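**Student:** For reference, the structure I am asking about is given below.
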Amino acid sequence: MTNSLDRRTLLRIAGASAGTAVLASTALAGPARATGSAFQHGVASGDPLPDGILLWTRLTPTEDSQPGSGVGPEVTVTWQVAADPDFATLAAQGTVATGPARDHTVKIPVSGLAPATTYWFRFGHAGTWSPTGRTMTAPEADADIDRIRLGVVSCANWEAGYFAAYRHLAERGDLNLVVHLGDYLYEYGTGEFAAGGTVVREVQPTHETLTLQDYRVRHALYKTDPDLQALHASVPWAITWDDHEVANDQWSGGAENHTPGTEGSFADRVAAARRAYAEWMPVRTGADGAIYRRLRFGRLADLSMLDLRTYRSEPASGLDIDDPERTITGAAQMAWLKAGLATSDAQWKLVGNPIMISRLDVGALPAWLLGPLGTLLGIPENGAVLNTDQWDGYNADRNELIDHLLANDTRDVVFLTGDIHTSWANELTTKSTGRDNPAAAEFVVPSMTSDNINDFLGMREGNTLSDLASGVIRSTNPHVRWTELDGHGYGVLEVTPQQCRMDWFHLVDRTQRSTGSRFVAGWSVSAGSSRLRSESSPLS
Ligand SMILES: [Fe+2]
């Protein structure tokens, strides 16, 4: 999102004991020591299935095998999946080759596992074990599940602060999955998008990422963050990208933050960014590189993860927003999404939706709010009434999707959204639904660290101006039941057969690694309804 905005601006198990590893290696003839020194970027798992999980790590086998270097030896990596943290009972194991062609990353789609089961995993090479990761498989497709809890995050800007949100989620110990809605990393050079202009910690490379080497180095930097490593090592993730994994306000043929004349071909840049992403992220990709996909948690819920950047039409201006030829999903993804939602037999249909789908009218807002809000949304201060980078810029697709839900009487759809850096609880209405019968609920999590309203106003969080702004937005947009424009943090989603509920937690100070977090709001939706209800205290 946000062109002008961006311009201006446990872990216990992660360090499995040497004794543990020696015990296992004795039994399994694997690596003998557990220093982890060759594994500097942590371990991760993703996209759980009832019988499998995707495992990830990155190996630094020699001093010269640095991320992005393109050099280093071809090596063989051992991997193990066990039913216990001591690796006494192995469930699966094997070896895999890696080398400089894939930046010494390792991705293993493990199968043959038991459903709804916690596993521990690790990698070995040349006498060392990686840190130990913990993960879990999904339930059987027809299993009756009482509850799942998901951590929900987006917009982790390295230079704007620390990833305390990841630490707080890792320390909970009650999550089945982390859903990351994009902007896992940012492409900017140092100082181009920091914390209200102040660089909390410097990115590498220090210039804007353009080449394969650049993107690999940036991914590697993020993977050195201890809080990020802790959350990856403790729970599987389901990830999608937004724009900054390539460049700001990306669409299928370009991006706001890409200049073909001086920054090369956009297609080459996308290919480089996508290749590094596929190497460095624990995400399953299709044969054509597609990452929109669906996960399932028994009969309780499925989760459709969307890609709203790869196939979208060029950003619109004026009446183009209503052009039925323009798309945010692309035809194939829209057909897949519509079919998946309408035919699902899961109680809840969750949608990992990088960009806000609820309408946001800003035309009636006063100038003092329209300025910073326009900056955040990337809209002119005095003109547009819509943020055309969101679904608001693609009315035909939004209407097509919502009309399809109405036509099929598809209920219990909940959009999980990021991108906008602020916190929202929305009832999704269109001209087809009317005000009192929303088609779905939408829960929007704030940025983990990226700037938002008070950062642009140059004021502290929770100032009276931001509070007033929230009220004005709500009065202009009655489908917005709650919004908070200053806080950075994360969400925790609980799904039960009876209700789906999001709790929002905000960080005390994003610029401090050890910062605390506090519960700021909870909103729930009951099965059969898309009306939201406020909750007064956090989930226990
Ligand atoms: Fe962002």
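Each chain of the structure tokens is named A, B, ... in the order shown, its residues numbered from 1; ligands are numbered from 1 in display order.
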What parts of region 167-207 of chain A does DSSP call helix (DSSP H, G or I)? I'd like the answer as a list in words.
**Tutor:**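 Output for region 167-207 of chain A, helix (DSSP H, G or I) only: Arg167, His168, Leu169, Ala170, Glu171 and Arg172 of chain A.
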**Student:** Generate a file of the selected residues that holds C-alpha atoms, formatted as a PDB file, in the first residue's frame.
**Tutor:**
ATOM      1  CA  ARG A 167       7.733 -12.577  20.301  1.00  0.00           C
ATOM      2  CA  HIS A 168       4.415 -12.052  22.048  1.00  0.00           C
ATOM      3  CA  LEU A 169       2.714 -14.494  19.704  1.00  0.00           C
ATOM      4  CA  ALA A 170       5.475 -17.067  20.188  1.00  0.00           C
ATOM      5  CA  GLU A 171       5.151 -16.831  23.946  1.00  0.00           C
ATOM      6  CA  ARG A 172       1.396 -17.512  23.943  1.00  0.00           C
TER       7      ARG A 172
END
**Student:** Within 7 Å of Ser447 (chain A), counting only C-alpha atoms, which residues show up once you throw out same-chain ones fewer than 4 positions away? Write them as a list in words, please.
**Tutor:**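 The neighbour list is Ser154, Cys155, Ala156, His421, Thr422, His488 and Gly489 of chain A.
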**Student:** Kindly provide, as a count of residues only, all nucleotide and amino acid residues lying within 12 Å of ligand 1, counting only C-alpha atoms and all ligand atoms.
**Tutor:** 53
**Student:** I'd like the neighbourhood of Thr511 (chain A) as a PyMOL selection string, where a residue qualifies if any of its atoms comes within 10 Å (using only C-alpha atoms), though same-chain residues fewer than 4 positions away should be ignored.
**Tutor:** chain A and resi 159-164+195+198-201+449+507+515
**Student:** Between CA of Met305 (chain A) and CA of Val96 (chain A), what distance in Å does the model show, to one decimal?
**Tutor:**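 Straight-line distance from CA of Met305 (chain A) to CA of Val96 (chain A) works out to 28.1 Å.
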**Student:** Can you pull out the residues contacting Trp120 (chain A)? Cut-off 6 Å, using only C-alpha atoms, and skip same-chain residues under 2 positions away; I want them as JSON, numbers by chain.
**Tutor:** {"A": [81, 82, 85, 133, 134]}
**Student:** Could you please take those selected residues and save C-alpha atoms as a JSON list (two decimals), in the first residue's frame?
**Tutor:**
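This is the output file selection-v3.json:
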[["chain", "number", "residue", "atom", "x", "y", "z"],
["A", 81, "VAL", "CA", 10.64, -35.02, 12.17],
["A", 82, "ALA", "CA", 9.89, -36.53, 15.56],
["A", 85, "PRO", "CA", 11.34, -32.86, 21.43],
["A", 133, "GLY", "CA", 11.36, -26.32, 15.53],
["A", 134, "ARG", "CA", 7.90, -27.26, 16.66]]
**Student:** Between A:Trp56, A:Phe456, A:Tyr277, A:Tyr166, single out the one closest to Arg122 (chain A), counting only C-alpha atoms.
**Tutor:**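 Once distances to Arg122 (chain A) are computed over only C-alpha atoms, the minimum belongs to A:Trp56.
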**Student:** Contacts between region 281-296 of chain A and region 135-179 of chain A, please, where a residue of region 135-179 of chain A counts if it comes within 9 Å (with only C-alpha atoms); show its shortest atom pair and distance in Å to one decimal, rows by chain and ascending number, as a tab-separated table.
**Tutor:**
residue	atom	partner	partner_atom	distance
A:Ala138	CA	A:Arg296	CA	7.1
A:Pro139	CA	A:Arg296	CA	7.8
A:Glu140	CA	A:Arg296	CA	8.5
A:Ala141	CA	A:Arg296	CA	6.7
**Student:** Write a file of the selected residues as a PDB file, in the first residue's frame, keeping C-alpha atoms.
**Tutor:**
ATOM      1  CA  ALA A 138      -3.927 -29.991  10.279  1.00  0.00           C
ATOM      2  CA  PRO A 139      -6.892 -32.102  11.378  1.00  0.00           C
ATOM      3  CA  GLU A 140      -8.553 -34.575   9.058  1.00  0.00           C
ATOM      4  CA  ALA A 141     -10.847 -32.845   6.596  1.00  0.00           C
TER       5      ALA A 141
END
**Student:** Figure out the distance between CA of His207 (chain A) and CA of His258 (chain A), please, to one decimal in Å.
**Tutor:**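 Straight-line distance from CA of His258 (chain A) to CA of His207 (chain A) works out to 13.6 Å.
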**Student:** Write out as a PDB file with all heavy atoms, in the first residue's frame the residues lying within 8 Å of Leu416 (chain A), counting only C-alpha atoms and excluding same-chain residues fewer than 4 positions away.
**Tutor:**
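Result went into around16.pdb, see below:
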ATOM      1  N   VAL A 152      -2.389 -13.322  13.839  1.00  0.00           N
ATOM      2  CA  VAL A 152      -2.602 -12.629  12.563  1.00  0.00           C
ATOM      3  C   VAL A 152      -1.733 -11.369  12.543  1.00  0.00           C
ATOM      4  O   VAL A 152      -1.812 -10.536  13.451  1.00  0.00           O
ATOM      5  CB  VAL A 152      -4.085 -12.260  12.365  1.00  0.00           C
ATOM      6  CG1 VAL A 152      -4.308 -11.721  10.956  1.00  0.00           C
ATOM      7  CG2 VAL A 152      -4.988 -13.467  12.631  1.00  0.00           C
ATOM      8  N   LEU A 181      -0.280 -11.642   6.415  1.00  0.00           N
ATOM      9  CA  LEU A 181      -1.052 -11.099   5.301  1.00  0.00           C
ATOM     10  C   LEU A 181      -0.237 -10.231   4.360  1.00  0.00           C
ATOM     11  O   LEU A 181      -0.790  -9.593   3.468  1.00  0.00           O
ATOM     12  CB  LEU A 181      -2.245 -10.317   5.856  1.00  0.00           C
ATOM     13  CG  LEU A 181      -3.194 -11.238   6.629  1.00  0.00           C
ATOM     14  CD1 LEU A 181      -4.068 -10.446   7.578  1.00  0.00           C
ATOM     15  CD2 LEU A 181      -4.016 -12.078   5.677  1.00  0.00           C
ATOM     16  N   LEU A 350     -12.688 -18.610   6.232  1.00  0.00           N
ATOM     17  CA  LEU A 350     -11.752 -17.519   6.476  1.00  0.00           C
ATOM     18  C   LEU A 350     -11.041 -17.164   5.171  1.00  0.00           C
ATOM     19  O   LEU A 350     -10.721 -18.059   4.378  1.00  0.00           O
ATOM     20  CB  LEU A 350     -10.719 -17.920   7.527  1.00  0.00           C
ATOM     21  CG  LEU A 350     -11.259 -18.510   8.839  1.00  0.00           C
ATOM     22  CD1 LEU A 350     -10.102 -18.927   9.747  1.00  0.00           C
ATOM     23  CD2 LEU A 350     -12.182 -17.520   9.549  1.00  0.00           C
ATOM     24  N   VAL A 351     -10.795 -15.878   4.973  1.00  0.00           N
ATOM     25  CA  VAL A 351     -10.108 -15.434   3.768  1.00  0.00           C
ATOM     26  C   VAL A 351      -8.900 -14.597   4.176  1.00  0.00           C
ATOM     27  O   VAL A 351      -9.054 -13.552   4.819  1.00  0.00           O
ATOM     28  CB  VAL A 351     -11.036 -14.601   2.855  1.00  0.00           C
ATOM     29  CG1 VAL A 351     -10.287 -14.197   1.586  1.00  0.00           C
ATOM     30  CG2 VAL A 351     -12.303 -15.387   2.507  1.00  0.00           C
ATOM     31  N   GLY A 352      -7.714 -15.082   3.849  1.00  0.00           N
ATOM     32  CA  GLY A 352      -6.497 -14.303   4.068  1.00  0.00           C
ATOM     33  C   GLY A 352      -6.388 -13.267   2.961  1.00  0.00           C
ATOM     34  O   GLY A 352      -6.017 -13.582   1.834  1.00  0.00           O
ATOM     35  N   ASN A 353      -6.748 -12.039   3.300  1.00  0.00           N
ATOM     36  CA  ASN A 353      -7.026 -10.985   2.321  1.00  0.00           C
ATOM     37  C   ASN A 353      -6.055  -9.827   2.552  1.00  0.00           C
ATOM     38  O   ASN A 353      -6.247  -9.034   3.455  1.00  0.00           O
ATOM     39  CB  ASN A 353      -8.488 -10.531   2.540  1.00  0.00           C
ATOM     40  CG  ASN A 353      -8.867  -9.309   1.753  1.00  0.00           C
ATOM     41  OD1 ASN A 353      -8.729  -9.292   0.533  1.00  0.00           O
ATOM     42  ND2 ASN A 353      -9.354  -8.283   2.445  1.00  0.00           N
ATOM     43  N   PRO A 354      -4.987  -9.738   1.780  1.00  0.00           N
ATOM     44  CA  PRO A 354      -3.960  -8.756   2.108  1.00  0.00           C
ATOM     45  C   PRO A 354      -4.466  -7.319   2.218  1.00  0.00           C
ATOM     46  O   PRO A 354      -3.912  -6.527   2.973  1.00  0.00           O
ATOM     47  CB  PRO A 354      -2.968  -8.905   0.939  1.00  0.00           C
ATOM     48  CG  PRO A 354      -3.150 -10.306   0.476  1.00  0.00           C
ATOM     49  CD  PRO A 354      -4.630 -10.593   0.646  1.00  0.00           C
ATOM     50  N   GLU A 442     -15.083  -8.450   8.539  1.00  0.00           N
ATOM     51  CA  GLU A 442     -13.685  -8.197   8.190  1.00  0.00           C
ATOM     52  C   GLU A 442     -12.940  -7.695   9.421  1.00  0.00           C
ATOM     53  O   GLU A 442     -13.347  -6.702  10.030  1.00  0.00           O
ATOM     54  CB  GLU A 442     -13.567  -7.170   7.066  1.00  0.00           C
ATOM     55  CG  GLU A 442     -12.100  -6.905   6.684  1.00  0.00           C
ATOM     56  CD  GLU A 442     -11.930  -6.014   5.468  1.00  0.00           C
ATOM     57  OE1 GLU A 442     -12.705  -5.051   5.337  1.00  0.00           O
ATOM     58  OE2 GLU A 442     -11.013  -6.291   4.658  1.00  0.00           O
ATOM     59  N   PHE A 443     -11.873  -8.384   9.762  1.00  0.00           N
ATOM     60  CA  PHE A 443     -11.001  -7.985  10.864  1.00  0.00           C
ATOM     61  C   PHE A 443      -9.654  -7.562  10.275  1.00  0.00           C
ATOM     62  O   PHE A 443      -8.997  -8.365   9.595  1.00  0.00           O
ATOM     63  CB  PHE A 443     -10.787  -9.147  11.837  1.00  0.00           C
ATOM     64  CG  PHE A 443     -12.059  -9.638  12.505  1.00  0.00           C
ATOM     65  CD1 PHE A 443     -12.287 -11.001  12.679  1.00  0.00           C
ATOM     66  CD2 PHE A 443     -13.007  -8.744  12.982  1.00  0.00           C
ATOM     67  CE1 PHE A 443     -13.442 -11.467  13.311  1.00  0.00           C
ATOM     68  CE2 PHE A 443     -14.171  -9.194  13.618  1.00  0.00           C
ATOM     69  CZ  PHE A 443     -14.383 -10.554  13.779  1.00  0.00           C
ATOM     70  N   VAL A 444      -9.254  -6.332  10.540  1.00  0.00           N
ATOM     71  CA  VAL A 444      -8.022  -5.787   9.975  1.00  0.00           C
ATOM     72  C   VAL A 444      -7.007  -5.592  11.099  1.00  0.00           C
ATOM     73  O   VAL A 444      -7.299  -4.898  12.076  1.00  0.00           O
ATOM     74  CB  VAL A 444      -8.279  -4.439   9.276  1.00  0.00           C
ATOM     75  CG1 VAL A 444      -7.011  -3.938   8.583  1.00  0.00           C
ATOM     76  CG2 VAL A 444      -9.432  -4.548   8.287  1.00  0.00           C
ATOM     77  N   VAL A 445      -5.844  -6.212  10.947  1.00  0.00           N
ATOM     78  CA  VAL A 445      -4.801  -6.058  11.975  1.00  0.00           C
ATOM     79  C   VAL A 445      -3.904  -4.880  11.619  1.00  0.00           C
ATOM     80  O   VAL A 445      -3.727  -4.552  10.448  1.00  0.00           O
ATOM     81  CB  VAL A 445      -3.954  -7.341  12.132  1.00  0.00           C
ATOM     82  CG1 VAL A 445      -4.810  -8.478  12.664  1.00  0.00           C
ATOM     83  CG2 VAL A 445      -3.262  -7.718  10.840  1.00  0.00           C
TER      84      VAL A 445
END
**Student:** Which is closest to Thr98 (chain A) among A:Ala316, A:Ala116, A:Val77, A:Ile357, if we use only C-alpha atoms?
**Tutor:**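 Between A:Ala316, A:Ala116, A:Val77, A:Ile357, the residue approaching Thr98 (chain A) most closely is A:Val77.
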**Student:** If you count only C-alpha atoms, which residues fall within 10 Å of region 397-405 of chain A, apart from same-chain ones fewer than 5 positions away, as a compact mmCIF listing (two decimals) with all heavy atoms, in the first residue's frame?
**Tutor:**
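Result file follows (out_0.txt):
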# COMPACT_ATOMS: atom_id res chain seq x y z
N ASP A 322 -15.04 1.49 -11.63
CA ASP A 322 -16.23 0.67 -11.87
C ASP A 322 -16.10 -0.19 -13.13
O ASP A 322 -17.01 -0.94 -13.46
CB ASP A 322 -17.46 1.57 -12.01
CG ASP A 322 -17.80 2.26 -10.70
OD1 ASP A 322 -17.62 1.63 -9.64
OD2 ASP A 322 -18.24 3.42 -10.74
N ASP A 323 -15.00 -0.09 -13.85
CA ASP A 323 -14.83 -0.80 -15.11
C ASP A 323 -14.83 -2.32 -14.87
O ASP A 323 -13.95 -2.84 -14.17
CB ASP A 323 -13.49 -0.37 -15.74
CG ASP A 323 -13.26 -1.02 -17.10
OD1 ASP A 323 -14.04 -1.92 -17.47
OD2 ASP A 323 -12.29 -0.62 -17.76
N PRO A 324 -15.80 -3.03 -15.43
CA PRO A 324 -15.86 -4.49 -15.18
C PRO A 324 -14.70 -5.25 -15.79
O PRO A 324 -14.49 -6.43 -15.46
CB PRO A 324 -17.20 -4.89 -15.82
CG PRO A 324 -17.47 -3.84 -16.83
CD PRO A 324 -16.90 -2.57 -16.28
N GLU A 325 -13.95 -4.62 -16.66
CA GLU A 325 -12.79 -5.31 -17.25
C GLU A 325 -11.59 -5.30 -16.31
O GLU A 325 -10.64 -6.04 -16.52
CB GLU A 325 -12.40 -4.64 -18.58
CG GLU A 325 -13.48 -4.71 -19.64
CD GLU A 325 -13.87 -6.15 -19.96
OE1 GLU A 325 -12.95 -6.97 -20.15
OE2 GLU A 325 -15.08 -6.45 -19.98
N ARG A 326 -11.64 -4.44 -15.32
CA ARG A 326 -10.50 -4.36 -14.39
C ARG A 326 -10.66 -5.40 -13.27
O ARG A 326 -11.76 -5.73 -12.86
CB ARG A 326 -10.38 -2.97 -13.80
CG ARG A 326 -10.12 -1.91 -14.87
CD ARG A 326 -9.99 -0.53 -14.28
NE ARG A 326 -8.85 -0.45 -13.37
CZ ARG A 326 -8.92 -0.52 -12.04
NH1 ARG A 326 -10.10 -0.66 -11.46
NH2 ARG A 326 -7.84 -0.44 -11.31
N THR A 327 -9.55 -5.91 -12.78
CA THR A 327 -9.61 -6.98 -11.79
C THR A 327 -8.52 -6.81 -10.74
O THR A 327 -7.44 -6.31 -11.04
CB THR A 327 -9.48 -8.36 -12.47
OG1 THR A 327 -9.55 -9.38 -11.46
CG2 THR A 327 -8.13 -8.49 -13.20
N ILE A 328 -8.83 -7.24 -9.52
CA ILE A 328 -7.81 -7.29 -8.47
C ILE A 328 -7.34 -8.72 -8.24
O ILE A 328 -6.23 -8.96 -7.78
CB ILE A 328 -8.33 -6.66 -7.16
CG1 ILE A 328 -7.21 -6.48 -6.13
CG2 ILE A 328 -9.48 -7.47 -6.57
CD1 ILE A 328 -7.62 -5.65 -4.92
N THR A 329 -8.19 -9.69 -8.57
CA THR A 329 -7.86 -11.10 -8.33
C THR A 329 -7.35 -11.82 -9.56
O THR A 329 -6.63 -12.82 -9.44
CB THR A 329 -9.10 -11.87 -7.85
OG1 THR A 329 -10.09 -11.80 -8.88
CG2 THR A 329 -9.65 -11.31 -6.55
N GLY A 330 -7.74 -11.35 -10.75
CA GLY A 330 -7.57 -12.15 -11.95
C GLY A 330 -8.72 -13.14 -12.05
O GLY A 330 -9.30 -13.56 -11.05
N ALA A 331 -9.05 -13.52 -13.28
CA ALA A 331 -10.23 -14.35 -13.51
C ALA A 331 -10.11 -15.73 -12.85
O ALA A 331 -11.06 -16.23 -12.25
CB ALA A 331 -10.48 -14.50 -15.01
N MET A 334 -10.45 -15.50 -9.04
CA MET A 334 -11.82 -15.18 -8.66
C MET A 334 -12.71 -16.42 -8.79
O MET A 334 -13.53 -16.70 -7.90
CB MET A 334 -12.35 -14.05 -9.55
CG MET A 334 -13.82 -13.71 -9.31
SD MET A 334 -14.18 -13.15 -7.62
CE MET A 334 -13.66 -11.43 -7.74
N ALA A 335 -12.57 -17.16 -9.87
CA ALA A 335 -13.37 -18.37 -10.04
C ALA A 335 -13.07 -19.38 -8.94
O ALA A 335 -13.99 -20.01 -8.38
CB ALA A 335 -13.10 -18.99 -11.42
N LEU A 337 -11.92 -18.69 -5.93
CA LEU A 337 -12.40 -18.17 -4.65
C LEU A 337 -13.91 -18.32 -4.54
O LEU A 337 -14.43 -18.79 -3.51
CB LEU A 337 -12.00 -16.71 -4.50
CG LEU A 337 -12.45 -16.00 -3.23
CD1 LEU A 337 -11.90 -16.70 -1.98
CD2 LEU A 337 -12.04 -14.52 -3.25
N LYS A 338 -14.62 -17.94 -5.57
CA LYS A 338 -16.08 -18.04 -5.55
C LYS A 338 -16.52 -19.50 -5.35
O LYS A 338 -17.39 -19.79 -4.52
CB LYS A 338 -16.69 -17.48 -6.84
CG LYS A 338 -16.62 -15.98 -6.94
CD LYS A 338 -16.84 -15.47 -8.36
CE LYS A 338 -18.15 -15.92 -8.97
NZ LYS A 338 -18.31 -15.37 -10.34
N ALA A 339 -15.91 -20.39 -6.10
CA ALA A 339 -16.29 -21.80 -5.99
C ALA A 339 -15.95 -22.34 -4.61
O ALA A 339 -16.74 -23.06 -3.99
CB ALA A 339 -15.58 -22.62 -7.07
N LEU A 341 -15.66 -20.74 -1.72
CA LEU A 341 -16.51 -20.21 -0.65
C LEU A 341 -17.92 -20.79 -0.74
O LEU A 341 -18.52 -21.16 0.28
CB LEU A 341 -16.57 -18.68 -0.73
CG LEU A 341 -15.25 -17.94 -0.46
CD1 LEU A 341 -15.43 -16.44 -0.61
CD2 LEU A 341 -14.70 -18.29 0.92
N ALA A 342 -18.46 -20.87 -1.93
CA ALA A 342 -19.85 -21.30 -2.07
C ALA A 342 -20.04 -22.79 -1.83
O ALA A 342 -21.11 -23.23 -1.40
CB ALA A 342 -20.37 -20.92 -3.46
N ILE A 357 -11.15 -5.01 2.12
CA ILE A 357 -12.23 -5.17 1.14
C ILE A 357 -13.41 -4.28 1.47
O ILE A 357 -14.20 -3.94 0.59
CB ILE A 357 -12.65 -6.66 1.04
CG1 ILE A 357 -13.60 -6.87 -0.15
CG2 ILE A 357 -13.25 -7.17 2.34
CD1 ILE A 357 -13.85 -8.32 -0.52
N SER A 358 -13.56 -3.86 2.73
CA SER A 358 -14.67 -2.98 3.07
C SER A 358 -14.46 -1.60 2.47
O SER A 358 -13.34 -1.08 2.43
CB SER A 358 -14.81 -2.86 4.59
OG SER A 358 -15.17 -4.10 5.15
N ARG A 359 -15.55 -1.01 2.05
CA ARG A 359 -15.50 0.32 1.46
C ARG A 359 -15.07 1.35 2.51
O ARG A 359 -15.44 1.27 3.67
CB ARG A 359 -16.88 0.67 0.91
CG ARG A 359 -16.95 2.01 0.22
CD ARG A 359 -18.37 2.27 -0.29
NE ARG A 359 -18.46 3.60 -0.89
CZ ARG A 359 -18.16 3.87 -2.15
NH1 ARG A 359 -17.77 2.90 -2.95
NH2 ARG A 359 -18.25 5.09 -2.63
N TRP A 391 -9.52 -2.87 -2.43
CA TRP A 391 -10.64 -3.38 -3.23
C TRP A 391 -11.52 -2.23 -3.69
O TRP A 391 -12.24 -2.34 -4.68
CB TRP A 391 -11.47 -4.38 -2.41
CG TRP A 391 -10.90 -5.75 -2.24
CD1 TRP A 391 -9.89 -6.12 -1.40
CD2 TRP A 391 -11.31 -6.96 -2.91
NE1 TRP A 391 -9.65 -7.48 -1.49
CE2 TRP A 391 -10.51 -8.02 -2.41
CE3 TRP A 391 -12.27 -7.26 -3.87
CZ2 TRP A 391 -10.65 -9.34 -2.82
CZ3 TRP A 391 -12.42 -8.59 -4.30
CH2 TRP A 391 -11.60 -9.60 -3.78
N ASP A 392 -11.48 -1.08 -2.98
CA ASP A 392 -12.24 0.09 -3.39
C ASP A 392 -11.92 0.50 -4.83
O ASP A 392 -12.75 1.14 -5.48
CB ASP A 392 -11.92 1.28 -2.47
CG ASP A 392 -12.87 1.35 -1.28
OD1 ASP A 392 -13.95 0.73 -1.36
OD2 ASP A 392 -12.52 2.01 -0.30
N THR A 410 -24.19 -18.03 1.07
CA THR A 410 -22.96 -18.42 1.74
C THR A 410 -22.74 -17.52 2.96
O THR A 410 -22.61 -16.30 2.82
CB THR A 410 -21.76 -18.30 0.78
OG1 THR A 410 -22.01 -19.13 -0.35
CG2 THR A 410 -20.48 -18.73 1.46
N ARG A 411 -22.71 -18.10 4.13
CA ARG A 411 -22.58 -17.34 5.36
C ARG A 411 -21.26 -17.69 6.07
O ARG A 411 -20.56 -18.60 5.67
CB ARG A 411 -23.76 -17.64 6.30
CG ARG A 411 -25.09 -17.24 5.70
CD ARG A 411 -26.24 -17.75 6.54
NE ARG A 411 -27.51 -17.45 5.89
CZ ARG A 411 -28.22 -16.35 6.15
NH1 ARG A 411 -27.78 -15.47 7.02
NH2 ARG A 411 -29.36 -16.14 5.52
N VAL A 413 -18.47 -16.02 6.46
CA VAL A 413 -17.25 -15.65 5.76
C VAL A 413 -16.58 -14.53 6.56
O VAL A 413 -17.23 -13.54 6.91
CB VAL A 413 -17.53 -15.19 4.32
CG1 VAL A 413 -16.24 -14.71 3.64
CG2 VAL A 413 -18.20 -16.31 3.53
N LEU A 428 -19.05 -6.14 6.26
CA LEU A 428 -18.87 -5.94 4.82
C LEU A 428 -20.22 -5.77 4.14
O LEU A 428 -21.01 -6.70 4.05
CB LEU A 428 -18.12 -7.14 4.23
CG LEU A 428 -17.86 -7.10 2.73
CD1 LEU A 428 -17.24 -5.78 2.28
CD2 LEU A 428 -16.98 -8.26 2.32
N THR A 429 -20.47 -4.55 3.70
CA THR A 429 -21.72 -4.25 3.00
C THR A 429 -21.40 -3.71 1.62
O THR A 429 -20.34 -3.09 1.40
CB THR A 429 -22.55 -3.21 3.78
OG1 THR A 429 -21.75 -2.03 3.95
CG2 THR A 429 -22.98 -3.74 5.13
N THR A 430 -22.32 -3.95 0.69
CA THR A 430 -22.26 -3.34 -0.63
C THR A 430 -23.67 -2.86 -0.97
O THR A 430 -24.60 -3.03 -0.17
CB THR A 430 -21.82 -4.36 -1.70
OG1 THR A 430 -22.84 -5.36 -1.85
CG2 THR A 430 -20.50 -5.02 -1.33
N LYS A 431 -23.84 -2.32 -2.13
CA LYS A 431 -25.18 -1.86 -2.51
C LYS A 431 -26.15 -3.05 -2.60
O LYS A 431 -27.36 -2.87 -2.50
CB LYS A 431 -25.12 -1.12 -3.84
CG LYS A 431 -24.65 -1.96 -5.01
CD LYS A 431 -24.53 -1.11 -6.27
CE LYS A 431 -24.03 -1.95 -7.44
NZ LYS A 431 -23.82 -1.14 -8.67
N SER A 432 -25.64 -4.26 -2.77
CA SER A 432 -26.50 -5.43 -2.84
C SER A 432 -26.96 -5.92 -1.47
O SER A 432 -28.01 -6.54 -1.34
CB SER A 432 -25.77 -6.59 -3.53
OG SER A 432 -25.42 -6.27 -4.84
N THR A 433 -26.16 -5.67 -0.45
CA THR A 433 -26.49 -6.23 0.86
C THR A 433 -27.41 -5.32 1.66
O THR A 433 -28.19 -5.79 2.47
CB THR A 433 -25.22 -6.43 1.71
OG1 THR A 433 -24.65 -5.16 2.02
CG2 THR A 433 -24.20 -7.29 0.97
N PRO A 438 -25.00 -7.43 6.45
CA PRO A 438 -23.68 -7.55 5.83
C PRO A 438 -23.41 -8.96 5.33
O PRO A 438 -23.91 -9.94 5.88
CB PRO A 438 -22.73 -7.16 6.96
CG PRO A 438 -23.51 -7.31 8.22
CD PRO A 438 -24.93 -7.03 7.87
N ALA A 439 -22.62 -9.04 4.29
CA ALA A 439 -22.32 -10.33 3.67
C ALA A 439 -21.22 -11.08 4.38
O ALA A 439 -21.10 -12.30 4.25
CB ALA A 439 -21.94 -10.12 2.21
N ALA A 440 -20.41 -10.38 5.14
CA ALA A 440 -19.25 -11.01 5.78
C ALA A 440 -18.74 -10.06 6.85
O ALA A 440 -19.16 -8.90 6.95
CB ALA A 440 -18.16 -11.30 4.75
**Student:** From the options A:Thr375, A:Ser524, A:Ser534, A:Thr209, which residue's atoms come nearest to Ile453 (chain A), counting only C-alpha atoms?
**Tutor:**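 Among A:Thr375, A:Ser524, A:Ser534, A:Thr209, it is A:Thr375 that comes nearest to Ile453 (chain A).
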**Student:** Taking only region 330-451 of chain A into account, list the residues labelled strand (DSSP E) by DSSP (computed from the backbone), as JSON, numbers by chain.
**Tutor:** {"A": [348, 349, 350, 351, 352, 353, 413, 414, 415, 416, 417, 423, 424, 425, 426, 427, 428, 440, 441, 442, 443, 444]}
**Student:** Fewer than 5 positions away in the same chain doesn't count, so skip those; otherwise give me all residues within 7 Å of Thr118 (chain A), counting only C-alpha atoms, as number ranges by chain.
**Tutor:** A: 83, 135-137
**Student:** Tell me which of A:Ala276, A:Ala238, A:Ala165, A:Val480 sits closest to Asp509 (chain A), counting only C-alpha atoms.
**Tutor:**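 Selected residue with least distance to Asp509 (chain A): A:Ala165.
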